[in-house]
Amino acid sequence: MAHSAGLRARLIVLVFMGALPLLAVTIGIQAHYIRPDHEGTWIVEAGLLLGGFLASALITDRAGRRLTAPIEALTRAAARLAGGELEARATPAGAIETVRLAEAFNAIASTLQDLETRQHRLQDQARILAAIVASSPGPMIAIDLNGRITAFNRGAEVIYGHSARDVLGRDVSMIIPPDRLPEWNMSLSTAGGSDVVREIETERLTRDGRRIPVALSVSPIHDDAGTLVGFSSIARDMRPVRTAETKATDAGFRFAQALEILPLAVAVVDQAGRIVALNRVARERYGGAIGLDAAERTREFPIYVGDSQVPCAAVERPIGRALRGEVVHMVDVGLVAAGELRPVEMWAAPLVDGQGRITHAVLIVSDRMERLQLEAQLRHAQRLDAVGHLVSGIAHDFNNLLTVIIGYADTLLAENDVPSTARELKAIYEAADRARSLTQQLLAFGRKQVLRPTPIHVDDRILAVGRMLERVLGEDIRLKLALNGADLLVNVEPIQFDQILMNVVLNARDAMPSGGTLTIETLAVEAGPVEPGSPEHRADPRPGPYLRVSVRDTGIGMEARTKARIFEPFFTTKEPGQGTGLGMATAYSIARQSGGTIAVDSEPNRGTTVHVYLPAAGKGPAGTAPSRSALARRPSSGSECVLVVEDDEHVRQFVTDVLRARGYRVLSAEGRDEAVAAIRALGRPPDLLVTDVVLRGAEGVHLAADVRQERADLPVVFISGYLDDRIGRLKADGHTVFLEKPFTSEQLATTVRTILDRRTDASARDL
């Protein structure tokens with residue numbers, strides 16, 4: 001404004017000075033005509049001069065105003081622009097020069113306004129970008145060309161443990177392991193060539209010196225002129241990935257281990273038909289190796305449907321169907337392996353990747369031969385169990401008959417003095433006694449026999465069954481005995497010992513189909529620690545004295561694999577239907593129950609020796625039942641009241657006759673109801689209860705419990721032809737005994753007298 005005012009003043013002065021002459025002339029002329037005299041002339045001249053001056057001044061002012069107004073407006077607009085009003089504009093007016101000047105000014109002002117708007121926008125974007133980088137969880141670092149850290153975001157602080165304040169301006173090598181510096185320099189070199197380095201897996205150092213895995217991307221930083229000024233790096237923490245990979249690797253390893261020990265054959269085949277994975281069973285049973293063509297293997301080992309012996313068509317093969325997306329399950333299938341057609345069950349299924357594409361097929365094969373054999377063995381065992389129950393039932397009834405026959409024969413034999421009649425009665429008695437032995441064998445078969453471990457001479461027992469063994473072995477096998485047990489005793493159930501010996505002998509006989517020699521040897525031995533690899537190593541007998549019974553054959557022998565399974569139930573090398581696989585398992589079980597064990601020494605084509613170890617029970621005479629004369633010398637009569645409960649009429653009558661003949665008062669009943677009625681009629685419990693274990697519609701055990709509610713110490717004699725779990729429920733005390741059928745009249749009388757006197761007799765066993 002000051003500049004504009006000065007310019008205006010100068011213009012007015014110039015105009016005024018140029019107008020002075022004209023003003024003087026004008027004033028003179030006017031004065032001459034108004035006052036001609038000298039005075040008037042002066043006045044006129046002066047008036048003319050003043051009027052001209054005023055006119056000139058007016059003309060000059062107007063001209064100045066037209067010239068300076070646009071300039072003043074432009075000057076004011078410039079002042080506003082300089083004051084920060086970027087929207088200030090000048091109005092074009094006046095001379096052409098001032099119009100152009102105003103237009104140029106307006107263009108400059110518009111450019112400045114656009115620049116400021118763009119600058120503000122860039123500043124906003126920079127602030128937003130800085131906030132994003134600072135708050136990003138991904139570690140971001142920027143460095144200059146000298147390697148000094150110029151940016152360090154929050155993500156970097158978290159992963160490296162440093163604060164931005166501590167690291168800004170410091171060399172980036174502080175977070176790089178020394179052995180990783182060459183790798184870092186190579187990345188900078190690559191990024192300096194305007195190539196972004198994308199995710200190289202490397203390591204970085206944390207504040208506490210730990211090395212952590214990261215995936216690093218490096219990018220160049222350029223200024224506006226395109227000049228390289230630094231680098232930026234973005235890291236990704238690989239620890240969660242490594243942890244997941246470790247877990248996946250561990251899971252895969254465990255899964256692979258599970259497949260290895262799985263008792264099923266498992267194979268994985270790719271789309272090209274190549275085997276890429278096989279577990280142990282698949283390798284051992286069906287052969288093959290990774291990389292082989294699965295189609296060739298299936299051609300080598302054809303798959304048959306059922307027993308048709310017609311190979312499956314190619315479209316029916318489970319692997320091909322699975323690779324086409326089917327899930328296959330085939331049960332009635334035979335697979336030829338090692339020249340043998342084996343029944344198998346197959347499963348095949350496709351394996352897909354993350355996109356759902358079929359990449360592989362898995363084939364699982366279950367060999368059904370062992371299962372079918374086990375099922376057959378189970379059915380056979382069930383039949384044996386059914387036969388055992390049948391035999392036990394028959395033996396029970398047969399023992400009732402033998403009780404009557406032996407009992408009355410024994411009574412008549414004791415009372416009859418006629419030689420011929422006595423001879424006939426003795427024959428009847430001996431025949432019935434042999435029948436009793438047969439019944440005991442039947443009960444042993446059905447595992448229902450009464451077990452009575454007794455000190456026995458093993459040598460005598462072997463001699464007693466020698467003739468039966470010869471009949472079992474046949475004419476092609478020679479039996480040799482080398483008995484050196486002397487008078488050594490073993491405490492074992494005689495029938496169980498017979499069963500051990502018989503099972504071992506039968507196994508040896510079957511190992512000599514063409515004949516041979518069977519040797520049975522007994523010897524007193526002292527077992528100590530067993531040396532590994534010795535024949536007795538399988539048995540591992542405890543240290544101590546034993547009587548060893550060795551059964552040696554000259555048969556085909558056994559390989560180590562068969563010998564290791566010889567005591568497994570149902571294991572047999574015989575043809576189907578030729579053996580149950582229970583013989584050696586039963587013998588081993590009995591030996592262990594008796595405190596002993598069994599060891600086997602065998603080699604192929606060199607025969608087999610089975611060593612049965614039974615703990616020695618000292619020396620002395622064998623345990624025997626009291627003789628009939630010894631029993632006769634014992635007092636066996638009495639006057640007590642005895643209640644006899646037996647559902648077999650003949651046995652009940654025999655027991656009643658024997659006891660009445662010895663002075664006892666006898667009440668008899670067929671079953672529980674009659675027994676209860678007899679007790680009520682008596683008005684008190686009897687002095688002794690003699691009852692069968694098994695009664696029609698009831699059990700003798702329950703009857704005894706009911707009667708003992710009135711008299712807790714009531715003596716009870718249980719009689720039965722075999723022992724089962726019902727006997728195990730009897731209370732073991734001095735008031736309960738068990739008498740096995742068949743028994744003689746003397747055995748019955750002595751047992752009754754003994755329990756009434758509350759004494760133990762060798763002919764009756766306390767429970």
# chains A, B, ... in the order shown; residues from 1 in each chain; ligands from 1
call {"tool": "select_by_dssp", "arguments": {"residues": "segment 156-234 of chain A", "states": "strand (DSSP E)", "output": "list in words"}}
result
Val197, Arg198, Glu199, Ile200, Glu201, Thr202, Glu203, Arg204, Leu205, Arg211, Ile212, Pro213, Val214, Ala215, Leu216, Ser217, Val218, Ser219, Pro220, Ile221, His222, Leu228, Val229, Gly230, Phe231, Ser232, Ser233 and Ile234 of chain A
call {"tool": "write_last_selection", "arguments": {"atoms": "N, CA and C atoms", "output": "PDB file, in the first residue's frame"}}
result
ATOM      1  N   VAL A 197      13.767 -59.322  -1.736  1.00  0.00           N
ATOM      2  CA  VAL A 197      14.116 -60.650  -1.231  1.00  0.00           C
ATOM      3  C   VAL A 197      12.931 -61.161  -0.431  1.00  0.00           C
ATOM      4  N   ARG A 198      12.322 -62.215  -0.888  1.00  0.00           N
ATOM      5  CA  ARG A 198      11.081 -62.697  -0.294  1.00  0.00           C
ATOM      6  C   ARG A 198      11.329 -63.906   0.601  1.00  0.00           C
ATOM      7  N   GLU A 199      11.072 -63.740   1.865  1.00  0.00           N
ATOM      8  CA  GLU A 199      10.992 -64.790   2.878  1.00  0.00           C
ATOM      9  C   GLU A 199      12.097 -65.838   2.789  1.00  0.00           C
ATOM     10  N   ILE A 200      13.269 -65.441   3.208  1.00  0.00           N
ATOM     11  CA  ILE A 200      14.331 -66.421   3.401  1.00  0.00           C
ATOM     12  C   ILE A 200      14.294 -66.827   4.874  1.00  0.00           C
ATOM     13  N   GLU A 201      14.421 -68.110   5.124  1.00  0.00           N
ATOM     14  CA  GLU A 201      14.403 -68.580   6.515  1.00  0.00           C
ATOM     15  C   GLU A 201      15.799 -68.421   7.102  1.00  0.00           C
ATOM     16  N   THR A 202      15.866 -67.708   8.200  1.00  0.00           N
ATOM     17  CA  THR A 202      17.142 -67.429   8.831  1.00  0.00           C
ATOM     18  C   THR A 202      16.928 -67.357  10.335  1.00  0.00           C
ATOM     19  N   GLU A 203      17.875 -66.753  11.045  1.00  0.00           N
ATOM     20  CA  GLU A 203      17.781 -66.637  12.495  1.00  0.00           C
ATOM     21  C   GLU A 203      18.145 -65.225  12.925  1.00  0.00           C
ATOM     22  N   ARG A 204      17.594 -64.798  14.058  1.00  0.00           N
ATOM     23  CA  ARG A 204      17.910 -63.507  14.643  1.00  0.00           C
ATOM     24  C   ARG A 204      18.155 -63.681  16.139  1.00  0.00           C
ATOM     25  N   LEU A 205      18.809 -62.669  16.727  1.00  0.00           N
ATOM     26  CA  LEU A 205      19.128 -62.704  18.145  1.00  0.00           C
ATOM     27  C   LEU A 205      18.149 -61.851  18.934  1.00  0.00           C
ATOM     28  N   ARG A 211      18.715 -67.442  19.980  1.00  0.00           N
ATOM     29  CA  ARG A 211      18.526 -67.462  18.528  1.00  0.00           C
ATOM     30  C   ARG A 211      17.098 -67.921  18.244  1.00  0.00           C
ATOM     31  N   ILE A 212      16.385 -67.169  17.427  1.00  0.00           N
ATOM     32  CA  ILE A 212      15.009 -67.524  17.085  1.00  0.00           C
ATOM     33  C   ILE A 212      14.887 -67.622  15.578  1.00  0.00           C
ATOM     34  N   PRO A 213      14.099 -68.585  15.082  1.00  0.00           N
ATOM     35  CA  PRO A 213      13.916 -68.715  13.635  1.00  0.00           C
ATOM     36  C   PRO A 213      12.920 -67.679  13.120  1.00  0.00           C
ATOM     37  N   VAL A 214      13.266 -67.039  11.986  1.00  0.00           N
ATOM     38  CA  VAL A 214      12.373 -66.069  11.352  1.00  0.00           C
ATOM     39  C   VAL A 214      12.402 -66.287   9.847  1.00  0.00           C
ATOM     40  N   ALA A 215      11.329 -65.826   9.204  1.00  0.00           N
ATOM     41  CA  ALA A 215      11.286 -65.766   7.741  1.00  0.00           C
ATOM     42  C   ALA A 215      11.361 -64.291   7.377  1.00  0.00           C
ATOM     43  N   LEU A 216      12.398 -63.877   6.634  1.00  0.00           N
ATOM     44  CA  LEU A 216      12.724 -62.465   6.442  1.00  0.00           C
ATOM     45  C   LEU A 216      12.512 -62.055   4.989  1.00  0.00           C
ATOM     46  N   SER A 217      11.858 -60.870   4.809  1.00  0.00           N
ATOM     47  CA  SER A 217      11.732 -60.241   3.495  1.00  0.00           C
ATOM     48  C   SER A 217      12.452 -58.904   3.544  1.00  0.00           C
ATOM     49  N   VAL A 218      13.263 -58.596   2.528  1.00  0.00           N
ATOM     50  CA  VAL A 218      14.051 -57.362   2.480  1.00  0.00           C
ATOM     51  C   VAL A 218      13.666 -56.576   1.231  1.00  0.00           C
ATOM     52  N   SER A 219      13.425 -55.250   1.394  1.00  0.00           N
ATOM     53  CA  SER A 219      13.031 -54.382   0.279  1.00  0.00           C
ATOM     54  C   SER A 219      13.883 -53.118   0.296  1.00  0.00           C
ATOM     55  N   PRO A 220      14.171 -52.550  -0.874  1.00  0.00           N
ATOM     56  CA  PRO A 220      14.941 -51.293  -0.929  1.00  0.00           C
ATOM     57  C   PRO A 220      14.037 -50.093  -0.620  1.00  0.00           C
ATOM     58  N   ILE A 221      14.669 -48.991  -0.106  1.00  0.00           N
ATOM     59  CA  ILE A 221      13.963 -47.725   0.131  1.00  0.00           C
ATOM     60  C   ILE A 221      14.617 -46.657  -0.747  1.00  0.00           C
ATOM     61  N   HIS A 222      13.810 -45.955  -1.595  1.00  0.00           N
ATOM     62  CA  HIS A 222      14.298 -44.901  -2.488  1.00  0.00           C
ATOM     63  C   HIS A 222      13.658 -43.572  -2.113  1.00  0.00           C
ATOM     64  N   LEU A 228      18.653 -44.759  -3.909  1.00  0.00           N
ATOM     65  CA  LEU A 228      18.602 -45.725  -2.811  1.00  0.00           C
ATOM     66  C   LEU A 228      19.105 -45.068  -1.537  1.00  0.00           C
ATOM     67  N   VAL A 229      18.258 -45.081  -0.509  1.00  0.00           N
ATOM     68  CA  VAL A 229      18.637 -44.444   0.753  1.00  0.00           C
ATOM     69  C   VAL A 229      18.656 -45.434   1.922  1.00  0.00           C
ATOM     70  N   GLY A 230      18.164 -46.653   1.723  1.00  0.00           N
ATOM     71  CA  GLY A 230      18.164 -47.615   2.827  1.00  0.00           C
ATOM     72  C   GLY A 230      17.412 -48.884   2.464  1.00  0.00           C
ATOM     73  N   PHE A 231      17.131 -49.673   3.495  1.00  0.00           N
ATOM     74  CA  PHE A 231      16.427 -50.939   3.298  1.00  0.00           C
ATOM     75  C   PHE A 231      15.408 -51.129   4.421  1.00  0.00           C
ATOM     76  N   SER A 232      14.370 -51.855   4.089  1.00  0.00           N
ATOM     77  CA  SER A 232      13.388 -52.249   5.110  1.00  0.00           C
ATOM     78  C   SER A 232      13.302 -53.777   5.125  1.00  0.00           C
ATOM     79  N   SER A 233      13.072 -54.314   6.305  1.00  0.00           N
ATOM     80  CA  SER A 233      12.918 -55.766   6.422  1.00  0.00           C
ATOM     81  C   SER A 233      11.692 -56.074   7.267  1.00  0.00           C
ATOM     82  N   ILE A 234      10.974 -57.095   6.844  1.00  0.00           N
ATOM     83  CA  ILE A 234       9.796 -57.576   7.573  1.00  0.00           C
ATOM     84  C   ILE A 234      10.069 -59.029   7.944  1.00  0.00           C
TER      85      ILE A 234
END
call {"tool": "residues_around", "arguments": {"residues": "Ala88 of chain A", "least_positions_apart": "3", "cutoff": "12 Å", "atoms": "only C-alpha atoms", "output": "list of chain:residue names"}}
result
A:Ala73, A:Leu74, A:Thr75, A:Arg76, A:Ala77, A:Ala78, A:Ala79, A:Arg80, A:Leu81, A:Ala82, A:Gly83, A:Gly84, A:Glu85, A:Thr91, A:Ala102, A:Phe105, A:Asn106, A:Ala107, A:Ile108, A:Ala109, A:Ser110, A:Thr111, A:Leu112, A:Gln113
call {"tool": "atom_distance", "arguments": {"atom1": "atom CA of Asp657 of chain A", "atom2": "atom CA of Ala409 of chain A"}}
result
13.5 Å
call {"tool": "closest_atom_pairs", "arguments": {"of": "segment 262-286 of chain A", "to": "segment 366-369 of chain A", "cutoff": "10 Å", "atoms": "only C-alpha atoms", "output": "tab-separated table"}}
result
residue	atom	partner	partner_atom	distance
A:Pro263	CA	A:Ser366	CA	7.9
A:Leu264	CA	A:Ser366	CA	5.2
A:Ala265	CA	A:Ser366	CA	6.5
A:Val266	CA	A:Ser366	CA	9.0
A:Val281	CA	A:Ser366	CA	9.9
A:Arg285	CA	A:Asp367	CA	9.6
call {"tool": "closest_residue", "arguments": {"among": "A:Pro455, A:Ile406, A:Ala256, A:Leu703", "to": "Arg434 of chain A", "atoms": "only C-alpha atoms"}}
result
A:Ile406
call {"tool": "closest_residue", "arguments": {"among": "A:Thr744, A:Asn484, A:Thr691, A:Ser173", "to": "Thr522 of chain A", "atoms": "only C-alpha atoms"}}
result
A:Asn484
call {"tool": "closest_residue", "arguments": {"among": "A:Val716, A:Glu521, A:Ser668, A:Ala93", "to": "Glu649 of chain A", "atoms": "only C-alpha atoms"}}
result
A:Ser668
call {"tool": "closest_residue", "arguments": {"among": "A:Ile364, A:Leu667, A:Ala511, A:Ile175", "to": "Leu259 of chain A", "atoms": "only C-alpha atoms"}}
result
A:Ile364
call {"tool": "residues_around", "arguments": {"residues": "Ile462 of chain A", "least_positions_apart": "5", "cutoff": "9 Å", "atoms": "only C-alpha atoms", "output": "PyMOL selection string"}}
result
chain A and resi 457+481+483+498+501+520
call {"tool": "write_last_selection", "arguments": {"atoms": "N, CA, C and O atoms", "output": "short mmCIF file (atom, residue, chain, number, x, y, z; two decimals), in the first residue's frame"}}
result
data_model
loop_
_atom_site.label_atom_id
_atom_site.label_comp_id
_atom_site.auth_asym_id
_atom_site.auth_seq_id
_atom_site.Cartn_x
_atom_site.Cartn_y
_atom_site.Cartn_z
N HIS A 457 4.61 -141.83 45.22
CA HIS A 457 5.85 -142.26 44.58
C HIS A 457 5.62 -142.20 43.08
O HIS A 457 4.84 -142.98 42.53
N LEU A 481 11.76 -147.48 30.26
CA LEU A 481 11.64 -146.82 31.56
C LEU A 481 12.99 -146.80 32.25
O LEU A 481 13.69 -147.81 32.30
N LEU A 483 13.71 -145.48 35.78
CA LEU A 483 13.15 -144.87 36.98
C LEU A 483 14.18 -144.84 38.09
O LEU A 483 14.61 -145.87 38.59
N ASP A 498 -1.32 -138.25 36.32
CA ASP A 498 -1.59 -139.13 35.19
C ASP A 498 -1.90 -138.32 33.94
O ASP A 498 -1.50 -138.67 32.82
N LEU A 501 1.32 -136.84 32.46
CA LEU A 501 2.10 -137.88 31.80
C LEU A 501 1.44 -138.30 30.49
O LEU A 501 2.10 -138.44 29.46
N ILE A 520 11.01 -142.82 29.35
CA ILE A 520 10.56 -142.06 30.52
C ILE A 520 11.58 -142.26 31.62
O ILE A 520 11.84 -143.39 32.03
#
call {"tool": "closest_residue", "arguments": {"among": "A:Ala258, A:Leu115, A:Ile149, A:Val610", "to": "Ile500 of chain A", "atoms": "only C-alpha atoms"}}
result
A:Val610
call {"tool": "closest_residue", "arguments": {"among": "A:Val717, A:Leu323, A:Val158, A:Ile96", "to": "Thr750 of chain A", "atoms": "only C-alpha atoms"}}
result
A:Val717
call {"tool": "atom_distance", "arguments": {"atom1": "atom CA of Ala431 of chain A", "atom2": "atom CA of Leu413 of chain A"}}
result
13.8 Å
call {"tool": "residues_around", "arguments": {"residues": "Ile556 of chain A", "least_positions_apart": "6", "cutoff": "10 Å", "atoms": "only C-alpha atoms", "output": "list in words"}}
result
Ala508, Asp510, Ala511, Met512, Pro513, Ser514, Ser602, Glu603, Pro604, Asn605, Arg606, Gly607 and Thr608 of chain A
call {"tool": "select_by_dssp", "arguments": {"residues": "segment 329-409 of chain A", "states": "helix (DSSP H, G or I)", "output": "PyMOL selection string"}}
result
chain A and resi 369-409
call {"tool": "atom_distance", "arguments": {"atom1": "atom CA of Ala599 of chain A", "atom2": "atom CA of His611 of chain A"}}
result
5.1 Å
call {"tool": "decode", "arguments": {"residues": "segment 83-105 of chain A", "atoms": "C-alpha atoms", "output": "mmCIF file, in the first residue's frame"}}
result
data_model
loop_
_atom_site.group_PDB
_atom_site.id
_atom_site.type_symbol
_atom_site.label_atom_id
_atom_site.label_comp_id
_atom_site.auth_asym_id
_atom_site.auth_seq_id
_atom_site.Cartn_x
_atom_site.Cartn_y
_atom_site.Cartn_z
ATOM 1 C CA GLY A 83 -0.368 -13.905 4.868
ATOM 2 C CA GLY A 84 -1.389 -17.523 4.177
ATOM 3 C CA GLU A 85 -4.737 -16.902 2.417
ATOM 4 C CA LEU A 86 -4.098 -19.234 -0.490
ATOM 5 C CA GLU A 87 -7.617 -18.587 -1.773
ATOM 6 C CA ALA A 88 -6.764 -14.850 -2.387
ATOM 7 C CA ARG A 89 -7.250 -13.724 -6.002
ATOM 8 C CA ALA A 90 -6.745 -10.456 -7.977
ATOM 9 C CA THR A 91 -9.457 -9.082 -10.295
ATOM 10 C CA PRO A 92 -8.028 -8.401 -13.771
ATOM 11 C CA ALA A 93 -8.712 -4.669 -14.664
ATOM 12 C CA GLY A 94 -7.080 -1.562 -16.127
ATOM 13 C CA ALA A 95 -4.486 -1.582 -18.774
ATOM 14 C CA ILE A 96 -3.593 -4.723 -20.593
ATOM 15 C CA GLU A 97 -0.385 -4.974 -18.603
ATOM 16 C CA THR A 98 -2.196 -4.941 -15.242
ATOM 17 C CA VAL A 99 -4.743 -7.484 -16.529
ATOM 18 C CA ARG A 100 -1.984 -9.901 -17.490
ATOM 19 C CA LEU A 101 -0.222 -9.268 -14.231
ATOM 20 C CA ALA A 102 -3.415 -10.132 -12.297
ATOM 21 C CA GLU A 103 -3.963 -13.301 -14.318
ATOM 22 C CA ALA A 104 -0.394 -14.460 -13.674
ATOM 23 C CA PHE A 105 -0.842 -13.732 -9.992
#
